[in-house]
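J.: Below is the structure I would like to discuss, written out as structure tokens.
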Amino acid sequence: MPLDGPALARALGPEAGRGLDTVHSTLCRREAGAFQRASKDGADLLVACTQESRLFLELAEATEGARGRAERPIRFVNIRETAGWSKDAAAATPKIAALIAAAQRPEPEPVPTVSYVSAGRVLVIGSAEPALRAAAMLADKLDVSLLLAQPGGTLPQARTMNVHAGRLTRIAGWLGAFEVSWSSDNPIDLDLCTRCNACIDVCPEQAIDFSYQIELDKCTGHRDCVRVCAAAGAIDFGRTPAEVSESFDLVLDLGAVPAIALHQPPQGYFHAADDASLVDAVLQLRESVGEFEKPRFFRYKQKICAHSRNGQIGCTACIDVCSAEAIRSDASMKGRTAGGGIVVEPHLCVGCGACTTVCPSGAISYATPRPDELGARIRTLLGTYARAGGRDAVLLIHSQGAGAQVIDALGRAARTDAAIHGLPARALPLEVWHTASVGIDLWLAAIAYGAAQVWVLVTHEEAPVYREAITAQMRVAQVVLSGLGFAGEHLRIVGGGEVSRLATHAAEAGPARVPAGAAPRTEPALLRLDRALRRPSAATVGRPATFAVQAEKRSTLDLAIEHLMLQAAGVPDEIALPAPASPFGSIVVDTQACTLCLACVGACPEAALADNADRPQLSFIEKNCVQCGLCASTCPENAIALQPRLLLADDGKARRQARVLNEAEPFCCVRCAKPFGTLRAVETMIGKLAGHSMFQGAAAERLRMCGDCRVIDIHSDPNEVRITDL
């Protein structure tokens, strides 16, 4: 691939571009000495090759005088498949400079971890023969138990493992902490069965096989099996079905349909419906003994969570989108003045980050890396690219797993197939743990930093619900950009599960061997992706933003929108946004129905609604509203409706200023003249209670008094019957 070392050095500057004046074309083999010399230098070392990273690390360890990796670890960045192996390779210098600059950024700060402990107790669920075959591949490393979910097959005479039989009813938990329940309703108790085979010999219907379970639909009830088993007492047709629960560290499910039908099943649970998946599961199970850690992927601030207040449910976006079912509602939490919220089980969380993308308030945020850390990386990518002369940048967000494999496959195909273009020179790949973790705040920040477009490469790793969530969020962001006058399509999902599977297969199979003189054959799915990556550009900002992405989602959104407004040719007073994904909006109050009870003020988790201590008044700050709907669900008069929109009037100042939605004349106490309610609310109350026997005469008059005066009036009335008089 063509590399211009001096041009890269100029683009990166004297510090970051140090050493780029010389290009090593076969560094990993013939020029390995150059790496060894560099490894003795005290400076940070970045190798622009990932294929031979293991070789480089071994060379560093073997080189006398090389500094320890723990002190200054060697970093690696791929500029081959991502830039050099493309039909645009000659124009890829700005991209390569951007990739090198981003790779030199500091590592994200460490985050708390979640621990798992597995002693290797594995439960294999399935019929006898496949379960025994799987058990044979595990028994030398793990403590294996079987759960026979149906009759059939042959159990060995020797009892080498625990064998249970029954109908699976529940699996819950995670690696090291699974609780499995089943209903044991077969007449044969496997714990008592001696496997003497006498019952099999006497059964005329052949309803009993060598799995030592009775097929009840074949049995006619002659009970000869009970007679021959009298000594062991293992067969009892009158036995009450027993509900059994046991704990296991690991679960291998061999059923045709997975018992945990989640896109992201819990760690430690493996479903294998065929031989290929069984081999993969066995290999992973054999290595699943010991103590393990993973990052705690999220941060949660219950105080600003818009899920629930006062027993009312508002936003459920994170619960709805979690494909691992790691998030549940805890709306009935006690002892918290802010009300209920959500509970995230960190052992079930797989770090997809979709919850952080759909959260309108930022109550749940991604932690590995934090938004501000990832934002700094995006800013470095785009800034270096622009300074090196690049134009119309595309931020291509992909996962470090299947997404990286797809990009590698595309780069390799571009070398051998004239029909494949490869990654365009303007496409800057951004590797993340999971693409669903990057949302509208970072997308709009990237556009503000000068990106023409943001594309998200999806693979089989993304659950359908993730794609739906990303699509909905992209729709909101695109409406904002279009409303501000930025022409073209700025956000798009590319790829899909089909191309992902092809890339994974290609990575496992290695380079394809093309016969001499034969044209290379590229899979249609990869061709479609290649065409999708050559879409036309869109309008960009005239001046890139200089703000830093904030740790708080709403703060980043405000900064990005403010900059986009400054760069827009014209700014409308408001932009209508699609529901229900909009994180911005207003509320509309039916003033004829509203009694100014102000229950909505207490329900609002974002301080978007406020009262007035001096008079009956409901005010609203639109900037704070996250469209959670708690105000509408709390209102007893159903007087509130949501209005998704982005208010931009008065240069955006209108969003930040409080405005009155409803107010009324106060009703003053007839005894002390202190205002204590609204005229309409008091009149409504008096009207509803006018015919009630308890509110006649003086009692009716007390309805027109404040709370203090009612107490005084009751105690000063000689005709009032009080509890102390009884």
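The way I read the labels, and the way they are meant: chains A, B, ... in the order of the structure tokens, residue 1 as the first residue of every chain, and ligand 1 as the first ligand shown, with later ones counted on from there.
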With a distance cut-off of 8 Å and only C-alpha atoms, select the neighbouring residues of range 613-616 of chain A, excluding the residue or stretch itself and same-chain residues fewer than 5 positions from it, and output the selection as number ranges by chain.
T.: A: 596, 663-666, 675, 677-678
J.: Can you pull out every residue from range 487-722 of chain A that DSSP, working from the backbone, puts in strand (DSSP E or B), and format the result as a PyMOL selection string?
T.: chain A and resi 491-495+574-576+585-589+609-610+617-621+640-647+658-663+666-668+675-678
J.: Let me make sure I understand: among A:Asn186, A:Thr93, A:Thr684, A:Gln264, which one has the smallest atom-to-atom distance to Ala386 in chain A if we use only C-alpha atoms?
T.: A:Thr93
J.: Give me the residues of range 127-224 of chain A that have any atom at most 6 Å from an atom of range 234-255 of chain A; for each, the nearest atom pair and the distance in Å, rounded to one decimal. Use only C-alpha atoms, sort by chain and number, and format it as CSV.
T.:
residue,atom,partner,partner_atom,distance
A:Leu175,CA,A:Asp249,CA,5.5
A:Gly176,CA,A:Asp249,CA,3.7
A:Ala177,CA,A:Asp249,CA,5.5
A:Phe178,CA,A:Phe248,CA,5.1
A:Glu179,CA,A:Ser247,CA,4.7
A:Val180,CA,A:Ser245,CA,5.5
A:Ser181,CA,A:Ser245,CA,4.2
A:Trp182,CA,A:Val244,CA,5.4
A:Ser183,CA,A:Glu243,CA,4.7
A:Ser184,CA,A:Ala242,CA,5.1
A:Asp185,CA,A:Pro241,CA,4.3
A:Pro187,CA,A:Phe237,CA,4.9
A:Ile188,CA,A:Ile235,CA,4.5
A:Asp189,CA,A:Ala234,CA,5.1
A:Leu192,CA,A:Ala234,CA,4.9
A:Cys193,CA,A:Ala234,CA,5.1
J.: With N, CA, C and O atoms retained, export the selected residues as an mmCIF file, in the first residue's frame.
T.:
data_model
loop_
_atom_site.group_PDB
_atom_site.id
_atom_site.type_symbol
_atom_site.label_atom_id
_atom_site.label_comp_id
_atom_site.auth_asym_id
_atom_site.auth_seq_id
_atom_site.Cartn_x
_atom_site.Cartn_y
_atom_site.Cartn_z
ATOM 1 N N LEU A 175 -23.160 -16.991 35.113
ATOM 2 C CA LEU A 175 -21.980 -17.808 35.361
ATOM 3 C C LEU A 175 -21.675 -17.901 36.853
ATOM 4 O O LEU A 175 -21.471 -16.893 37.519
ATOM 5 N N GLY A 176 -21.673 -19.122 37.356
ATOM 6 C CA GLY A 176 -21.389 -19.344 38.761
ATOM 7 C C GLY A 176 -22.586 -19.263 39.670
ATOM 8 O O GLY A 176 -22.476 -19.554 40.870
ATOM 9 N N ALA A 177 -23.750 -18.879 39.150
ATOM 10 C CA ALA A 177 -24.920 -18.666 40.023
ATOM 11 C C ALA A 177 -26.228 -18.951 39.301
ATOM 12 O O ALA A 177 -27.161 -18.146 39.334
ATOM 13 N N PHE A 178 -26.318 -20.089 38.624
ATOM 14 C CA PHE A 178 -27.563 -20.469 37.955
ATOM 15 C C PHE A 178 -28.465 -21.225 38.928
ATOM 16 O O PHE A 178 -28.003 -22.073 39.694
ATOM 17 N N GLU A 179 -29.749 -20.922 38.884
ATOM 18 C CA GLU A 179 -30.762 -21.689 39.594
ATOM 19 C C GLU A 179 -31.636 -22.359 38.534
ATOM 20 O O GLU A 179 -32.264 -21.676 37.722
ATOM 21 N N VAL A 180 -31.657 -23.682 38.541
ATOM 22 C CA VAL A 180 -32.410 -24.444 37.541
ATOM 23 C C VAL A 180 -33.497 -25.237 38.259
ATOM 24 O O VAL A 180 -33.231 -25.913 39.254
ATOM 25 N N SER A 181 -34.717 -25.139 37.751
ATOM 26 C CA SER A 181 -35.853 -25.854 38.342
ATOM 27 C C SER A 181 -36.480 -26.761 37.298
ATOM 28 O O SER A 181 -36.544 -26.407 36.113
ATOM 29 N N TRP A 182 -36.942 -27.924 37.749
ATOM 30 C CA TRP A 182 -37.656 -28.823 36.850
ATOM 31 C C TRP A 182 -38.710 -29.583 37.634
ATOM 32 O O TRP A 182 -38.658 -29.693 38.854
ATOM 33 N N SER A 183 -39.708 -30.070 36.901
ATOM 34 C CA SER A 183 -40.787 -30.844 37.495
ATOM 35 C C SER A 183 -40.540 -32.321 37.203
ATOM 36 O O SER A 183 -40.520 -32.737 36.043
ATOM 37 N N SER A 184 -40.351 -33.089 38.252
ATOM 38 C CA SER A 184 -40.060 -34.518 38.108
ATOM 39 C C SER A 184 -41.363 -35.297 38.261
ATOM 40 O O SER A 184 -41.835 -35.540 39.365
ATOM 41 N N ASP A 185 -41.973 -35.670 37.138
ATOM 42 C CA ASP A 185 -43.287 -36.309 37.190
ATOM 43 C C ASP A 185 -43.302 -37.716 36.588
ATOM 44 O O ASP A 185 -44.365 -38.309 36.424
ATOM 45 N N PRO A 187 -42.917 -41.748 36.650
ATOM 46 C CA PRO A 187 -43.071 -42.747 37.733
ATOM 47 C C PRO A 187 -41.758 -43.345 38.212
ATOM 48 O O PRO A 187 -41.678 -43.852 39.325
ATOM 49 N N ILE A 188 -40.698 -43.314 37.375
ATOM 50 C CA ILE A 188 -39.422 -43.913 37.785
ATOM 51 C C ILE A 188 -38.543 -42.842 38.427
ATOM 52 O O ILE A 188 -38.254 -41.811 37.818
ATOM 53 N N ASP A 189 -38.129 -43.107 39.654
ATOM 54 C CA ASP A 189 -37.223 -42.228 40.380
ATOM 55 C C ASP A 189 -35.793 -42.670 40.067
ATOM 56 O O ASP A 189 -35.357 -43.749 40.484
ATOM 57 N N LEU A 192 -33.467 -43.820 42.901
ATOM 58 C CA LEU A 192 -33.702 -45.146 43.471
ATOM 59 C C LEU A 192 -33.457 -46.267 42.466
ATOM 60 O O LEU A 192 -33.220 -47.422 42.860
ATOM 61 N N CYS A 193 -33.537 -45.945 41.194
ATOM 62 C CA CYS A 193 -33.396 -46.966 40.151
ATOM 63 C C CYS A 193 -31.999 -47.594 40.180
ATOM 64 O O CYS A 193 -30.985 -46.890 40.212
#
J.: For Cys604 in chain A, which of A:Arg54, A:Lys141, A:His307, A:Arg299 is the closest residue, counting only C-alpha atoms?
T.: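 Looking at the shortest contact to Cys604 in chain A, the residue is A:His307.
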J.: Going by DSSP on the backbone, which residues of range 343-471 of chain A come out as alpha helix (DSSP H)? List them as a PyMOL selection string.
T.: chain A and resi 354-358+371-387+402-416+440-448+464-471
J.: Enter the distance from CA of Asp88 in chain A to CA of Ala427 in chain A, in Å, rounded to one decimal.
T.: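 These atoms are spaced 10.5 Å apart.
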J.: Would you mind listing what lies within 6 Å of range 706-720 of chain A as a PyMOL selection string, with only C-alpha atoms counted and same-chain residues fewer than 4 positions away left out?
T.: chain A and resi 669+676+702
J.: Using all heavy atoms, can you export the residues from the last selection as a CSV table (one decimal), in the first residue's frame?
T.:
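The resulting file, result_36.csv, is shown below:
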chain,number,residue,atom,x,y,z
A,669,CYS,N,-58.7,32.4,52.1
A,669,CYS,CA,-59.4,31.9,53.2
A,669,CYS,C,-60.4,32.9,53.7
A,669,CYS,O,-60.1,34.1,53.9
A,669,CYS,CB,-58.4,31.5,54.3
A,669,CYS,SG,-59.2,31.0,55.9
A,676,PHE,N,-54.9,29.9,49.6
A,676,PHE,CA,-54.6,28.5,49.9
A,676,PHE,C,-54.9,27.6,48.7
A,676,PHE,O,-54.7,26.4,48.8
A,676,PHE,CB,-55.2,28.0,51.2
A,676,PHE,CG,-56.7,27.8,51.1
A,676,PHE,CD1,-57.2,26.6,50.7
A,676,PHE,CD2,-57.6,28.9,51.3
A,676,PHE,CE1,-58.6,26.4,50.6
A,676,PHE,CE2,-59.0,28.7,51.3
A,676,PHE,CZ,-59.5,27.4,50.9
A,702,ARG,N,-66.4,25.6,56.3
A,702,ARG,CA,-64.9,25.3,56.5
A,702,ARG,C,-64.2,24.9,55.2
A,702,ARG,O,-63.0,25.0,55.2
A,702,ARG,CB,-64.8,24.2,57.5
A,702,ARG,CG,-65.2,24.7,58.9
A,702,ARG,CD,-64.8,23.6,60.0
A,702,ARG,NE,-65.5,23.9,61.2
A,702,ARG,CZ,-66.5,23.2,61.7
A,702,ARG,NH1,-67.0,22.2,61.0
A,702,ARG,NH2,-67.1,23.6,62.8
J.: From the set A:Gly403, A:Pro572, A:Gly126, A:Pro636, which residue has the shortest atom-to-atom contact distance to His271 in chain A, counting only C-alpha atoms?
T.: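 Ranking A:Gly403, A:Pro572, A:Gly126, A:Pro636 by distance to His271 in chain A, first place goes to A:Gly126.
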J.: Could you state the separation of CA of Cys196 in chain A and CA of Thr160 in chain A in Å, given to one decimal place?
T.: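 CA of Cys196 in chain A sits 16.1 Å away from CA of Thr160 in chain A.
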J.: If we count only C-alpha atoms, what is near Glu606 in chain A at a cut-off of 10 Å, once residues fewer than 3 positions away on the same chain are taken out, given as an MDAnalysis selection string?
T.: chainID A and resid 303:306 361 601 603 609 621 623:626 628
J.: Restrict the selected residues to N, CA and C atoms and save them as a PDB file, in the first residue's frame.
T.:
ATOM      1  N   LYS A 303     -31.496   9.598  40.645  1.00  0.00           N
ATOM      2  CA  LYS A 303     -32.143  10.879  40.931  1.00  0.00           C
ATOM      3  C   LYS A 303     -32.778  11.494  39.695  1.00  0.00           C
ATOM      4  N   ILE A 304     -32.157  11.326  38.530  1.00  0.00           N
ATOM      5  CA  ILE A 304     -32.697  11.940  37.310  1.00  0.00           C
ATOM      6  C   ILE A 304     -33.367  10.915  36.398  1.00  0.00           C
ATOM      7  N   CYS A 305     -33.553   9.695  36.900  1.00  0.00           N
ATOM      8  CA  CYS A 305     -34.215   8.664  36.105  1.00  0.00           C
ATOM      9  C   CYS A 305     -35.687   9.023  35.918  1.00  0.00           C
ATOM     10  N   ALA A 306     -36.157   8.939  34.697  1.00  0.00           N
ATOM     11  CA  ALA A 306     -37.537   9.308  34.365  1.00  0.00           C
ATOM     12  C   ALA A 306     -38.451   8.099  34.264  1.00  0.00           C
ATOM     13  N   SER A 361     -32.676  11.092  29.480  1.00  0.00           N
ATOM     14  CA  SER A 361     -32.182  12.001  30.513  1.00  0.00           C
ATOM     15  C   SER A 361     -30.698  11.854  30.786  1.00  0.00           C
ATOM     16  N   VAL A 601     -45.861  18.659  38.992  1.00  0.00           N
ATOM     17  CA  VAL A 601     -44.602  19.244  39.443  1.00  0.00           C
ATOM     18  C   VAL A 601     -43.835  18.238  40.305  1.00  0.00           C
ATOM     19  N   ALA A 603     -44.095  15.087  40.150  1.00  0.00           N
ATOM     20  CA  ALA A 603     -43.762  13.890  39.375  1.00  0.00           C
ATOM     21  C   ALA A 603     -42.585  14.102  38.439  1.00  0.00           C
ATOM     22  N   LEU A 609     -40.956  21.173  35.242  1.00  0.00           N
ATOM     23  CA  LEU A 609     -42.174  21.808  35.726  1.00  0.00           C
ATOM     24  C   LEU A 609     -41.926  22.393  37.112  1.00  0.00           C
ATOM     25  N   ILE A 621     -39.832  24.768  31.906  1.00  0.00           N
ATOM     26  CA  ILE A 621     -38.558  25.035  31.237  1.00  0.00           C
ATOM     27  C   ILE A 621     -38.339  23.924  30.222  1.00  0.00           C
ATOM     28  N   LYS A 623     -36.036  23.182  28.042  1.00  0.00           N
ATOM     29  CA  LYS A 623     -34.708  22.562  27.938  1.00  0.00           C
ATOM     30  C   LYS A 623     -34.587  21.332  28.830  1.00  0.00           C
ATOM     31  N   ASN A 624     -35.284  21.310  29.952  1.00  0.00           N
ATOM     32  CA  ASN A 624     -35.167  20.214  30.914  1.00  0.00           C
ATOM     33  C   ASN A 624     -36.056  19.021  30.584  1.00  0.00           C
ATOM     34  N   CYS A 625     -37.044  19.202  29.736  1.00  0.00           N
ATOM     35  CA  CYS A 625     -38.032  18.151  29.478  1.00  0.00           C
ATOM     36  C   CYS A 625     -37.424  17.023  28.649  1.00  0.00           C
ATOM     37  N   VAL A 626     -37.634  15.785  29.088  1.00  0.00           N
ATOM     38  CA  VAL A 626     -37.135  14.612  28.366  1.00  0.00           C
ATOM     39  C   VAL A 626     -38.267  13.793  27.756  1.00  0.00           C
ATOM     40  N   CYS A 628     -40.704  12.127  29.090  1.00  0.00           N
ATOM     41  CA  CYS A 628     -40.910  10.827  29.734  1.00  0.00           C
ATOM     42  C   CYS A 628     -42.387  10.503  29.924  1.00  0.00           C
TER      43      CYS A 628
END
J.: Quote the spacing between CA of Val358 in chain A and CA of Ser586 in chain A in Å to one decimal place.
T.: 18.5 Å
J.: Taking 4 positions as the minimum chain separation for residues in the same chain, which residues sit within 7 Å of range 450-467 of chain A when counting only C-alpha atoms? Answer as a PyMOL selection string.
T.: chain A and resi 263+321+323+354+382+392-398+402-403+435-436+443+446+471+490-497+500+537-541+544
J.: Find the residues near Ala700 in chain A: any atom within 10 Å, counting only C-alpha atoms, skip ones fewer than 6 places away on the same chain, and give them as a list in words.
T.: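 Near Ala700 in chain A, the qualifying residues are Ile686, Leu689, Ala690, His692, Ser693 and Met694 of chain A.
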J.: Identify which of the residues A:Gly401, A:Pro6, A:Gly485, A:Gly585 lies closest to Glu431 in chain A, counting only C-alpha atoms when measuring atom-to-atom distances.
T.: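 For Glu431 in chain A, the nearest of the candidates is A:Gly401.
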J.: Taking 4 positions as the minimum chain separation for residues in the same chain, which residues sit within 9 Å of Leu3 in chain A when counting only C-alpha atoms? Answer as a ChimeraX atom specification.
T.: /A:7-8,23,84,89-90,92-93,96
J.: Find the residue from A:Leu559, A:Ser86, A:Arg37, A:Asn197 that sits nearest to Ala409 in chain A; use only C-alpha atoms when measuring.
T.: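 Residue with the minimum atom-to-atom distance to Ala409 in chain A: A:Ser86.
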